[in-house]
>>> print(open('protein.cif').read())   # mmCIF, C-alpha atoms and all ligand atoms
data_data
loop_
_atom_site.label_atom_id
_atom_site.label_comp_id
_atom_site.auth_asym_id
_atom_site.auth_seq_id
_atom_site.Cartn_x
_atom_site.Cartn_y
_atom_site.Cartn_z
CA MET A 1 48.36 -35.69 -25.15
CA HIS A 2 49.45 -33.42 -27.97
CA TRP A 3 52.66 -32.87 -29.92
CA PRO A 4 54.91 -30.00 -28.76
CA GLY A 5 54.25 -26.93 -30.91
CA THR A 6 50.66 -27.85 -31.81
CA PRO A 7 47.91 -25.99 -30.01
CA PRO A 8 45.81 -27.96 -27.50
CA LYS A 9 42.38 -28.99 -28.73
CA GLN A 10 39.71 -26.40 -27.94
CA ALA A 11 36.58 -27.50 -26.11
CA MET A 12 33.75 -27.82 -28.65
CA THR A 13 31.43 -24.78 -28.57
CA PRO A 14 27.88 -25.29 -29.82
CA LEU A 15 27.33 -23.96 -33.32
CA PRO A 16 25.02 -20.96 -33.52
CA PRO A 17 21.67 -21.64 -35.16
CA ASP A 18 21.78 -21.49 -38.96
CA VAL A 19 20.61 -17.92 -39.47
CA SER A 20 21.20 -18.18 -43.21
CA ASN A 21 18.62 -20.93 -43.64
CA LYS A 22 15.87 -18.97 -45.33
CA THR A 23 14.70 -21.79 -47.59
CA ASN A 24 12.79 -23.36 -44.72
CA THR A 25 9.94 -20.85 -44.42
CA LEU A 26 8.20 -20.33 -41.10
CA ALA A 27 4.49 -20.19 -40.32
CA CYS A 28 4.50 -16.74 -38.79
CA THR A 29 2.73 -13.38 -39.06
CA ALA A 30 4.10 -9.94 -38.21
CA ALA A 31 2.36 -6.62 -37.70
CA ALA A 32 3.85 -3.26 -36.78
CA MET A 33 2.10 -1.88 -33.69
CA THR A 34 3.57 1.62 -33.92
CA SER A 35 2.97 4.44 -36.37
CA PRO A 36 4.82 4.12 -39.73
CA THR A 37 6.43 7.54 -39.24
CA ALA A 38 9.79 7.83 -37.47
CA GLY A 39 9.67 7.50 -33.68
CA ALA A 40 11.85 6.42 -30.77
CA ILE A 41 11.12 2.72 -31.25
CA THR A 42 9.13 0.46 -33.55
CA ILE A 43 7.19 -2.45 -32.05
CA ILE A 44 6.64 -5.48 -34.28
CA GLN A 45 4.31 -8.16 -32.99
CA LEU A 46 5.00 -11.74 -34.14
CA HIS A 47 2.71 -14.79 -34.02
CA GLY A 48 3.42 -18.39 -34.92
CA GLN A 49 6.80 -20.20 -34.88
CA VAL A 50 8.39 -17.34 -33.01
CA SER A 51 11.22 -19.11 -31.15
CA GLU A 52 12.61 -20.44 -34.45
CA LEU A 53 12.19 -17.02 -36.07
CA LEU A 54 13.92 -15.24 -33.14
CA ALA A 55 16.77 -17.73 -33.33
CA ARG A 56 17.30 -17.00 -37.01
CA LEU A 57 17.12 -13.24 -36.52
CA THR A 58 19.28 -12.97 -33.42
CA GLY A 59 21.67 -15.95 -33.66
CA ARG A 60 20.53 -17.19 -30.21
CA ASP A 61 18.61 -20.43 -29.82
CA ASP A 62 17.63 -20.25 -26.14
CA TRP A 63 14.35 -18.34 -26.45
CA THR A 64 11.71 -18.92 -23.79
CA PRO A 65 8.72 -16.80 -22.79
CA GLY A 66 9.59 -14.11 -20.26
CA PRO A 67 12.88 -12.27 -20.32
CA LEU A 68 13.39 -9.13 -22.38
CA ARG A 69 16.70 -9.32 -24.26
CA LEU A 70 18.96 -6.86 -26.01
CA CYS A 71 20.05 -8.42 -29.29
CA SER A 72 21.16 -7.76 -32.82
CA PHE A 73 18.47 -8.26 -35.48
CA ALA A 74 20.16 -9.83 -38.55
CA ASP A 75 22.83 -7.08 -38.50
CA ILE A 76 20.12 -4.50 -39.28
CA ASP A 77 19.84 -2.97 -35.82
CA GLN A 78 20.22 -3.65 -32.13
CA GLY A 79 17.04 -3.70 -30.10
CA LEU A 80 14.90 -5.49 -27.56
CA ALA A 81 13.06 -8.75 -28.14
CA VAL A 82 10.72 -10.69 -25.90
CA MET A 83 8.70 -13.90 -26.18
CA LEU A 84 5.28 -13.14 -24.71
CA GLY A 85 4.11 -16.76 -24.92
CA PRO A 86 4.94 -19.95 -26.84
CA ASP A 87 3.64 -18.50 -30.10
CA SER A 88 3.90 -14.73 -29.69
CA ALA A 89 6.80 -12.31 -29.45
CA GLN A 90 7.70 -8.66 -29.92
CA LEU A 91 10.68 -7.03 -31.61
CA MET A 92 11.55 -3.49 -30.54
CA PRO A 93 14.20 -2.00 -32.82
CA HIS A 94 14.91 1.73 -33.08
CA GLY A 95 12.10 3.71 -34.69
CA GLY A 96 13.77 4.82 -37.94
CA VAL A 97 11.70 4.31 -41.09
CA ARG A 98 14.53 2.55 -42.95
CA ILE A 99 15.29 0.17 -40.06
CA ARG A 100 11.63 -0.80 -39.87
CA GLN A 101 11.45 -1.40 -43.63
CA ARG A 102 14.64 -3.53 -43.71
CA LEU A 103 13.53 -5.60 -40.73
CA LEU A 104 10.10 -6.27 -42.28
CA GLU A 105 11.85 -7.28 -45.52
CA GLU A 106 14.09 -9.62 -43.54
CA LEU A 107 11.03 -11.17 -41.88
CA THR A 108 9.33 -11.81 -45.24
CA SER A 109 12.52 -13.51 -46.48
CA HIS A 110 11.88 -16.14 -43.76
CA GLY A 111 8.34 -16.69 -45.00
CA VAL A 112 6.67 -14.40 -42.46
CA THR A 113 3.34 -12.93 -43.62
CA LEU A 114 3.05 -9.21 -42.97
CA LEU A 115 -0.33 -8.00 -41.71
CA ASP A 116 -1.51 -4.39 -41.85
CA GLN A 117 -2.68 -4.79 -38.29
CA ILE A 118 -3.66 -7.50 -35.87
CA GLU A 119 -6.90 -7.64 -33.99
CA PRO A 120 -6.42 -5.63 -30.78
CA VAL A 121 -7.76 -8.48 -28.64
CA ALA A 122 -5.00 -10.75 -30.01
CA ALA A 123 -2.33 -8.08 -29.55
CA TYR A 124 -3.42 -7.19 -26.01
CA PRO A 125 -4.56 -10.41 -24.29
CA GLU A 126 -4.27 -8.61 -20.94
CA ALA A 127 -7.14 -6.23 -21.84
CA THR A 128 -10.37 -6.80 -19.93
CA ASP A 129 -12.62 -6.25 -22.97
CA GLU A 130 -12.60 -5.33 -26.68
CA ILE A 131 -12.74 -1.60 -26.00
CA GLU A 132 -9.77 -1.69 -23.65
CA ALA A 133 -7.84 -3.72 -26.27
CA ALA A 134 -8.78 -1.17 -28.96
CA ALA A 135 -7.68 1.68 -26.64
CA LEU A 136 -4.33 -0.02 -25.94
CA ALA A 137 -3.85 -0.51 -29.70
CA THR A 138 -4.63 3.18 -30.28
CA ILE A 139 -2.21 4.61 -27.70
CA PRO A 140 1.03 3.94 -29.66
CA ARG A 141 -0.51 5.49 -32.79
CA ALA A 142 -1.92 8.60 -31.09
CA THR A 143 0.08 11.72 -31.96
CA SER A 144 -0.87 13.78 -28.88
CA PRO A 145 0.13 13.00 -25.28
CA LEU A 146 -3.30 14.23 -24.11
CA ALA A 147 -4.87 11.14 -25.74
CA ILE A 148 -3.26 8.60 -23.42
CA GLU A 149 -5.12 9.09 -20.15
CA LEU A 150 -8.45 9.59 -21.93
CA LEU A 151 -8.05 6.34 -23.86
CA LEU A 152 -7.38 4.45 -20.64
CA HIS A 153 -10.79 5.56 -19.27
CA GLN A 154 -12.83 4.47 -22.28
CA SER A 155 -13.58 0.84 -21.41
CA ARG A 156 -15.38 1.83 -18.18
CA ARG A 157 -17.12 4.82 -19.77
CA TRP A 158 -18.54 2.68 -22.56
CA GLN A 159 -19.72 0.04 -20.08
CA GLU A 160 -21.66 2.73 -18.22
CA CYS A 161 -23.05 4.47 -21.31
CA GLU A 162 -26.67 3.80 -22.29
CA ASP A 163 -27.56 7.04 -24.06
CA TRP A 164 -25.01 7.79 -26.79
CA ASN A 165 -26.09 11.00 -28.51
CA GLU A 166 -25.26 13.55 -31.19
CA ALA A 167 -23.18 15.69 -28.78
CA ASP A 168 -21.04 12.63 -27.98
CA GLU A 169 -20.49 12.08 -31.70
CA LEU A 170 -19.38 15.70 -32.24
CA ARG A 171 -17.10 15.64 -29.19
CA SER A 172 -15.57 12.40 -30.46
CA GLN A 173 -14.75 14.04 -33.78
CA ARG A 174 -12.92 16.85 -31.96
CA LEU A 175 -11.11 14.41 -29.64
CA ASN A 176 -9.96 12.45 -32.70
CA ARG A 177 -7.64 15.40 -33.31
CA LEU A 178 -5.55 13.89 -30.49
CA LEU A 179 -4.98 10.84 -32.68
CA SER A 180 -3.85 12.50 -35.91
CA PRO A 181 -2.58 16.07 -35.94
CA PRO A 182 -4.98 18.85 -36.97
CA GLN A 183 -3.74 21.33 -39.57
CA VAL A 184 -3.03 24.88 -38.37
CA VAL A 185 -2.28 27.48 -41.04
CA ILE A 186 -0.89 30.97 -40.47
CA ALA A 187 -1.32 33.48 -43.29
CA GLY A 188 -0.70 37.19 -43.70
CA PRO A 189 1.31 39.84 -45.52
CA PRO A 190 5.08 39.44 -46.16
CA ASN A 191 7.77 40.26 -43.58
CA ILE A 192 5.53 40.38 -40.49
CA GLY A 193 7.30 37.54 -38.60
CA LYS A 194 5.32 34.40 -39.53
CA SER A 195 8.41 32.23 -40.06
CA THR A 196 10.13 33.59 -36.95
CA LEU A 197 7.07 32.57 -34.92
CA MET A 198 7.13 29.05 -36.38
CA ASN A 199 10.80 28.70 -35.48
CA ALA A 200 10.03 29.84 -31.93
CA LEU A 201 7.22 27.26 -31.60
CA VAL A 202 9.28 24.39 -33.04
CA GLY A 203 12.29 25.40 -30.94
CA ARG A 204 14.79 25.58 -33.80
CA LYS A 205 15.22 27.15 -37.23
CA VAL A 206 13.04 25.16 -39.60
CA ALA A 207 12.00 28.12 -41.79
CA ILE A 208 14.22 30.90 -43.14
CA SER A 209 13.39 34.24 -41.55
CA ILE A 210 15.14 37.42 -42.64
CA ASP A 211 14.19 41.06 -42.92
CA ALA A 212 13.02 40.90 -46.54
CA PRO A 213 9.53 40.45 -47.95
CA GLY A 214 8.95 37.21 -49.89
CA THR A 215 11.45 35.15 -47.89
CA THR A 216 9.16 32.12 -47.64
CA ARG A 217 8.52 30.95 -51.22
CA ASP A 218 6.49 27.80 -50.54
CA PHE A 219 4.74 26.66 -47.39
CA VAL A 220 6.70 24.86 -44.66
CA ALA A 221 4.94 22.36 -42.38
CA TRP A 222 6.21 21.03 -39.07
CA PRO A 223 4.73 19.17 -36.09
CA VAL A 224 4.43 21.33 -32.98
CA GLU A 225 3.22 20.31 -29.52
CA LEU A 226 0.92 22.92 -28.04
CA GLY A 227 -0.07 22.12 -24.45
CA GLY A 228 -0.25 18.35 -25.03
CA LEU A 229 -1.88 18.65 -28.47
CA VAL A 230 0.35 17.96 -31.48
CA VAL A 231 -0.64 19.97 -34.56
CA THR A 232 0.92 20.35 -37.99
CA TRP A 233 1.85 24.03 -38.15
CA HIS A 234 1.96 25.47 -41.69
CA ASP A 235 3.98 28.60 -42.34
CA THR A 236 2.83 30.12 -45.66
CA PRO A 237 4.46 32.66 -47.96
CA GLY A 238 3.41 36.27 -47.37
CA ARG A 239 0.46 36.78 -49.72
CA HIS A 240 0.86 39.59 -52.25
CA GLN A 241 0.04 40.22 -55.92
CA SER A 242 2.77 38.82 -58.16
CA GLU A 243 3.35 38.12 -61.85
CA ASP A 244 6.05 35.60 -60.94
CA GLU A 245 4.89 32.10 -61.95
CA LEU A 246 6.55 30.42 -58.97
CA GLU A 247 4.98 32.85 -56.52
CA GLN A 248 1.57 32.42 -58.12
CA GLU A 249 1.86 28.64 -57.78
CA ALA A 250 2.92 29.04 -54.12
CA ILE A 251 -0.13 31.25 -53.48
CA THR A 252 -2.42 28.67 -55.13
CA ARG A 253 -0.97 25.99 -52.88
CA SER A 254 -1.38 28.11 -49.76
CA THR A 255 -4.99 28.92 -50.78
CA THR A 256 -5.79 25.19 -50.80
CA LEU A 257 -4.17 24.86 -47.37
CA ILE A 258 -6.17 27.78 -46.01
CA GLU A 259 -9.43 26.29 -47.28
CA GLN A 260 -8.71 22.89 -45.72
CA ALA A 261 -7.18 24.08 -42.43
CA ASP A 262 -8.69 22.94 -39.14
CA MET A 263 -7.62 26.32 -37.77
CA LEU A 264 -6.72 29.43 -39.78
CA ILE A 265 -4.72 32.21 -38.14
CA SER A 266 -4.63 35.58 -39.84
CA ALA A 267 -1.55 37.53 -38.78
CA THR A 268 -0.10 40.97 -39.27
CA ASP A 269 2.06 43.51 -37.44
CA LEU A 270 1.32 47.01 -36.16
CA GLY A 271 2.07 48.89 -39.37
CA THR A 272 0.54 46.52 -41.94
CA PRO A 273 -3.16 46.12 -42.82
CA TRP A 274 -4.90 42.75 -42.39
CA LEU A 275 -5.01 40.65 -45.53
CA GLU A 276 -8.26 39.49 -47.04
CA LEU A 277 -8.06 35.68 -46.91
CA PRO A 278 -10.08 33.09 -48.85
CA ARG A 279 -12.09 32.34 -45.68
CA GLU A 280 -12.86 33.88 -42.29
CA PRO A 281 -9.93 33.22 -39.86
CA ASP A 282 -10.41 31.53 -36.49
CA LEU A 283 -7.90 33.86 -34.81
CA ARG A 284 -6.53 37.32 -35.65
CA MET A 285 -3.03 37.66 -34.28
CA GLY A 286 -0.82 40.74 -34.03
CA LEU A 287 2.90 39.85 -34.41
CA LYS A 288 6.04 41.76 -33.31
CA SER A 289 4.15 42.92 -30.21
CA ASP A 290 7.43 44.19 -28.73
CA LEU A 291 7.23 46.97 -31.33
CA GLY A 292 3.59 47.81 -30.53
CA LEU A 293 0.23 46.15 -29.87
CA ARG A 294 -2.54 45.82 -32.42
CA ARG A 295 -5.73 46.72 -30.57
CA ASP A 296 -7.96 45.02 -33.17
CA ALA A 297 -6.25 41.60 -32.77
CA ASP A 298 -7.59 38.73 -30.60
CA LEU A 299 -4.06 38.15 -29.37
CA CYS A 300 -0.65 39.85 -29.64
CA VAL A 301 2.58 37.85 -29.75
CA SER A 302 6.27 38.61 -29.98
CA ALA A 303 8.45 35.77 -31.23
CA HIS A 304 11.49 37.79 -30.09
CA THR A 305 10.50 38.27 -26.43
CA GLY A 306 8.10 35.30 -26.05
CA GLU A 307 5.26 37.62 -25.01
CA GLY A 308 1.87 36.05 -25.80
CA ILE A 309 3.24 32.61 -26.77
CA ILE A 310 1.66 30.85 -23.76
CA GLU A 311 -1.69 32.47 -24.60
CA LEU A 312 -1.32 31.43 -28.25
CA VAL A 313 -0.66 27.80 -27.26
CA GLU A 314 -3.73 27.86 -25.03
CA TRP A 315 -5.89 29.52 -27.70
CA VAL A 316 -5.01 26.98 -30.40
CA ARG A 317 -5.48 23.99 -28.08
CA GLU A 318 -8.81 25.35 -26.85
CA HIS A 319 -10.07 26.03 -30.38
CA LEU A 320 -9.17 22.54 -31.63
CA VAL A 321 -9.78 20.40 -28.53
CA PRO A 322 -11.67 22.42 -25.90
CA ALA A 323 -10.96 21.83 -22.21
CA VAL A 324 -14.62 20.91 -21.70
CA ASP A 325 -14.16 17.97 -24.13
CA LEU A 326 -10.98 16.87 -22.36
CA GLY A 327 -12.72 17.05 -18.99
CA SER A 328 -15.92 15.28 -20.11
CA THR A 329 -16.61 11.92 -18.50
CA ARG A 330 -18.74 10.78 -21.48
CA PRO A 331 -17.39 8.05 -23.77
CA TRP A 332 -15.28 8.76 -26.85
CA ARG A 333 -15.70 6.84 -30.11
CA PHE A 334 -11.97 6.78 -30.86
CA THR A 335 -11.88 4.22 -33.68
CA GLU A 336 -13.94 3.20 -36.69
CA SER A 337 -13.88 -0.40 -35.46
CA PRO A 338 -17.34 -1.74 -34.53
CA VAL A 339 -16.42 -2.39 -30.88
CA PHE A 340 -18.81 0.25 -29.58
CA ASN A 341 -22.38 -0.52 -28.77
CA THR A 342 -24.10 2.79 -29.55
N1 LIG A 401 10.97 43.12 -33.33
C1 LIG A 401 10.58 41.95 -33.82
N2 LIG A 401 11.00 41.54 -35.03
C2 LIG A 401 10.57 40.35 -35.48
C3 LIG A 401 9.71 39.52 -34.70
N3 LIG A 401 9.43 38.42 -35.42
C4 LIG A 401 10.12 38.53 -36.57
N4 LIG A 401 10.81 39.69 -36.61
C5 LIG A 401 11.70 40.14 -37.71
O1 LIG A 401 10.91 40.39 -38.86
C6 LIG A 401 11.64 40.05 -40.05
C7 LIG A 401 10.79 39.17 -40.92
O2 LIG A 401 10.56 37.95 -40.26
P1 LIG A 401 10.05 36.65 -41.03
O3 LIG A 401 9.76 35.66 -39.98
O4 LIG A 401 10.98 36.25 -42.11
O5 LIG A 401 8.71 37.21 -41.69
P2 LIG A 401 7.65 36.42 -42.62
O6 LIG A 401 6.30 36.92 -42.24
O7 LIG A 401 7.89 34.97 -42.54
O8 LIG A 401 8.04 36.96 -44.05
P3 LIG A 401 7.72 36.30 -45.51
O9 LIG A 401 8.33 34.92 -45.52
O10 LIG A 401 8.35 37.23 -46.46
O11 LIG A 401 6.24 36.26 -45.68
C8 LIG A 401 12.94 39.40 -39.56
O12 LIG A 401 13.98 40.36 -39.62
C9 LIG A 401 12.65 39.03 -38.12
O13 LIG A 401 13.79 39.02 -37.29
C10 LIG A 401 9.30 39.98 -33.41
O14 LIG A 401 8.56 39.32 -32.67
N5 LIG A 401 9.76 41.19 -33.03
MG MG A 402 8.36 33.61 -44.00
#
>>> encode(input="protein.cif", output="structure tokens", more="lines below")
Ligand SMILES: Nc1nc2c(ncn2[C@@H]2O[C@H](COP(=O)(O)OP(=O)(O)OP(=O)(O)O)[C@@H](O)[C@H]2O)c(=O)[nH]1
Ligand SMILES: [Mg+2]
Amino acid sequence: MHWPGTPPKQAMTPLPPDVSNKTNTLACTAAAMTSPTAGAITIIQLHGQVSELLARLTGRDDWTPGPLRLCSFADIDQGLAVMLGPDSAQLMPHGGVRIRQRLLEELTSHGVTLLDQIEPVAAYPEATDEIEAAALATIPRATSPLAIELLLHQSRRWQECEDWNEADELRSQRLNRLLSPPQVVIAGPPNIGKSTLMNALVGRKVAISIDAPGTTRDFVAWPVELGGLVVTWHDTPGRHQSEDELEQEAITRSTTLIEQADMLISATDLGTPWLELPREPDLRMGLKSDLGLRRDADLCVSAHTGEGIIELVEWVREHLVPAVDLGSTRPWRFTESPVFNT
């Protein structure tokens, strides 16, 4: 019974969990499982009082192991969350650097201890041994797609290996280039098309390229995928004598890059002599091949027509991670962790 003009009593709805209660700290740890650079998603692994923590973050208090849920994380982002077991869970927000940072800050405000990393065997209980767990932990951090299948073979290869040798060690060092990108540097005279080539490889204009010498003032670096291998491609300013202080500084910086490069490409076009570089190049490349081929180059490429680009991709991949290494069935020491019995 209610008085005319007064609204009927609403059925009582349960109050959402008190997401503002941060004074009551939780016994929990968190570790990011994905690379700290921007990516599609970030994965944060939680251990401890996870159902309480998820309730505070998401405003839902019905967490049980199993279902993957789309939820809002403390108004920072929307993403997926799952309880893997009674004391472990994963948060999967978008992979922006700022989102990750804010979410980790939010977790610490609830008393969560942030760990640099968690032991792979704890993060991957489904792994059959320590090496498989280490491989599964390495996959999300690997920069090159070519790493994935190889990593999945490592547990069995290490089980079968009884004669680890120097060649295996050297191959492993080359294969590690699949985990963090090797540095490729292109250097040569001004106005020969170095920046135009970089733009063609990246697939959009990341470096200014115009018909004027000295366009690139300082080096530009960008990740490029070349046949499954991700490298950091460095476009350098055309090297020439200059009194200009800024240009001299840019040349000093590109000299350091050249000395430290995993692969140095010397480039020029048909009408321009090769430049003397601070070290012997790994590849001599003729650019603007649509205007004429350089017979003394290892490879000729035209960024305008695309001629030679496929060969360039193959050449760089082969120099840095040879096909024979990729096809080898020997084991790969892919982490510093002491899981390998060599
Ligand atoms: N025909 C032809 N022209 C090209 C090609 N690649 C670049 N160019 C032209 O060459 C000029 C110089 O290109 P850039 O890429 O700026 O040359 P750069 O070597 O980076 O020059 P700096 O930054 O001064 O060292 C531009 O007008 C480009 O359009 C090509 O493959 N074919
Ligand atoms: Mg340039």
>>> axis_aligned_box(input="protein.cif", around="ligand LIG 401 (chain A)", padding_each_side="5 Å", output="lines of an AutoDock Vina configuration file")
center_x = 10.1
center_y = 39.0
center_z = -39.6
size_x = 17.7
size_y = 18.2
size_z = 23.8
>>> residues_around(input="protein.cif", residues="segment 247-258 of chain A", least_positions_apart="2", cutoff="12 Å", atoms="only C-alpha atoms", output="PyMOL selection string")
chain A and resi 183-189+214-221+232-245+260-266+276-282
>>> write_last_selection(input="protein.cif", atoms="C-alpha atoms", output="PDB file, keeping the file's coordinate frame")
ATOM      1  CA  GLN A 183      -3.740  21.330 -39.570  1.00  0.00           C
ATOM      2  CA  VAL A 184      -3.030  24.880 -38.370  1.00  0.00           C
ATOM      3  CA  VAL A 185      -2.280  27.480 -41.040  1.00  0.00           C
ATOM      4  CA  ILE A 186      -0.890  30.970 -40.470  1.00  0.00           C
ATOM      5  CA  ALA A 187      -1.320  33.480 -43.290  1.00  0.00           C
ATOM      6  CA  GLY A 188      -0.700  37.190 -43.700  1.00  0.00           C
ATOM      7  CA  PRO A 189       1.310  39.840 -45.520  1.00  0.00           C
ATOM      8  CA  GLY A 214       8.950  37.210 -49.890  1.00  0.00           C
ATOM      9  CA  THR A 215      11.450  35.150 -47.890  1.00  0.00           C
ATOM     10  CA  THR A 216       9.160  32.120 -47.640  1.00  0.00           C
ATOM     11  CA  ARG A 217       8.520  30.950 -51.220  1.00  0.00           C
ATOM     12  CA  ASP A 218       6.490  27.800 -50.540  1.00  0.00           C
ATOM     13  CA  PHE A 219       4.740  26.660 -47.390  1.00  0.00           C
ATOM     14  CA  VAL A 220       6.700  24.860 -44.660  1.00  0.00           C
ATOM     15  CA  ALA A 221       4.940  22.360 -42.380  1.00  0.00           C
ATOM     16  CA  THR A 232       0.920  20.350 -37.990  1.00  0.00           C
ATOM     17  CA  TRP A 233       1.850  24.030 -38.150  1.00  0.00           C
ATOM     18  CA  HIS A 234       1.960  25.470 -41.690  1.00  0.00           C
ATOM     19  CA  ASP A 235       3.980  28.600 -42.340  1.00  0.00           C
ATOM     20  CA  THR A 236       2.830  30.120 -45.660  1.00  0.00           C
ATOM     21  CA  PRO A 237       4.460  32.660 -47.960  1.00  0.00           C
ATOM     22  CA  GLY A 238       3.410  36.270 -47.370  1.00  0.00           C
ATOM     23  CA  ARG A 239       0.460  36.780 -49.720  1.00  0.00           C
ATOM     24  CA  HIS A 240       0.860  39.590 -52.250  1.00  0.00           C
ATOM     25  CA  GLN A 241       0.040  40.220 -55.920  1.00  0.00           C
ATOM     26  CA  SER A 242       2.770  38.820 -58.160  1.00  0.00           C
ATOM     27  CA  GLU A 243       3.350  38.120 -61.850  1.00  0.00           C
ATOM     28  CA  ASP A 244       6.050  35.600 -60.940  1.00  0.00           C
ATOM     29  CA  GLU A 245       4.890  32.100 -61.950  1.00  0.00           C
ATOM     30  CA  GLN A 260      -8.710  22.890 -45.720  1.00  0.00           C
ATOM     31  CA  ALA A 261      -7.180  24.080 -42.430  1.00  0.00           C
ATOM     32  CA  ASP A 262      -8.690  22.940 -39.140  1.00  0.00           C
ATOM     33  CA  MET A 263      -7.620  26.320 -37.770  1.00  0.00           C
ATOM     34  CA  LEU A 264      -6.720  29.430 -39.780  1.00  0.00           C
ATOM     35  CA  ILE A 265      -4.720  32.210 -38.140  1.00  0.00           C
ATOM     36  CA  SER A 266      -4.630  35.580 -39.840  1.00  0.00           C
ATOM     37  CA  GLU A 276      -8.260  39.490 -47.040  1.00  0.00           C
ATOM     38  CA  LEU A 277      -8.060  35.680 -46.910  1.00  0.00           C
ATOM     39  CA  PRO A 278     -10.080  33.090 -48.850  1.00  0.00           C
ATOM     40  CA  ARG A 279     -12.090  32.340 -45.680  1.00  0.00           C
ATOM     41  CA  GLU A 280     -12.860  33.880 -42.290  1.00  0.00           C
ATOM     42  CA  PRO A 281      -9.930  33.220 -39.860  1.00  0.00           C
ATOM     43  CA  ASP A 282     -10.410  31.530 -36.490  1.00  0.00           C
TER      44      ASP A 282
END
>>> atom_distance(input="protein.cif", atom1="atom CA of Leu114 of chain A", atom2="atom CA of His94 of chain A")
18.9 Å
>>> residues_around(input="protein.cif", residues="Ala122 of chain A", least_positions_apart="5", cutoff="12 Å", atoms="only C-alpha atoms", output="VMD selection string")
chain A and resid 31 33 45 to 47 84 87 to 89 117 127 129 to 130 133 to 134 136 to 137
>>> residues_near_ligand(input="protein.cif", ligand="ligand LIG 401 (chain A)", cutoff="6 Å", atoms="only C-alpha atoms and all ligand atoms", output="ChimeraX atom specification")
/A:190-196,209-216,237-238,287-288,290-291,302-304
>>> closest_residue(input="protein.cif", among="A:Ile208, A:Leu326, A:Ala142, A:Leu246", to="ligand MG 402 (chain A)", atoms="all atoms listed in the file")
A:Ile208
>>> closest_residue(input="protein.cif", among="A:Leu103, A:Cys161, A:Met198, A:Val50", to="ligand MG 402 (chain A)", atoms="only C-alpha atoms and all ligand atoms")
A:Met198
>>> closest_residue(input="protein.cif", among="A:Leu312, A:Ala267, A:Ala207, A:Arg330", to="ligand MG 402 (chain A)", atoms="all atoms listed in the file")
A:Ala207
>>> closest_residue(input="protein.cif", among="A:Ala81, A:Leu197, A:Ala123, A:Leu152", to="ligand MG 402 (chain A)", atoms="only C-alpha atoms and all ligand atoms")
A:Leu197
>>> atom_distance(input="protein.cif", atom1="atom CA of Pro65 of chain A", atom2="atom CA of Glu149 of chain A")
29.5 Å
>>> atom_distance(input="protein.cif", atom1="atom CA of Pro93 of chain A", atom2="atom CA of Gln78 of chain A")
6.3 Å
>>> residues_around(input="protein.cif", residues="Trp332 of chain A", least_positions_apart="2", cutoff="7 Å", atoms="all atoms listed in the file", output="CSV table (one decimal) with C-alpha atoms, in the frame of the given file")
chain,number,residue,atom,x,y,z
A,154,GLN,CA,-12.8,4.5,-22.3
A,172,SER,CA,-15.6,12.4,-30.5
A,330,ARG,CA,-18.7,10.8,-21.5
A,334,PHE,CA,-12.0,6.8,-30.9
>>> closest_residue(input="protein.cif", among="A:Thr113, A:Asn199, A:Trp63, A:Ser35", to="ligand MG 402 (chain A)", atoms="all atoms listed in the file")
A:Asn199
>>> closest_residue(input="protein.cif", among="A:Asp168, A:Glu311, A:Asp163, A:Asp298", to="Leu226 of chain A", atoms="all atoms listed in the file")
A:Glu311
>>> residues_near_point(input="protein.cif", point="(10.3, 5.0, -37.8)", cutoff="8 Å", atoms="only C-alpha atoms", output="ChimeraX atom specification")
/A:35-42,94-100
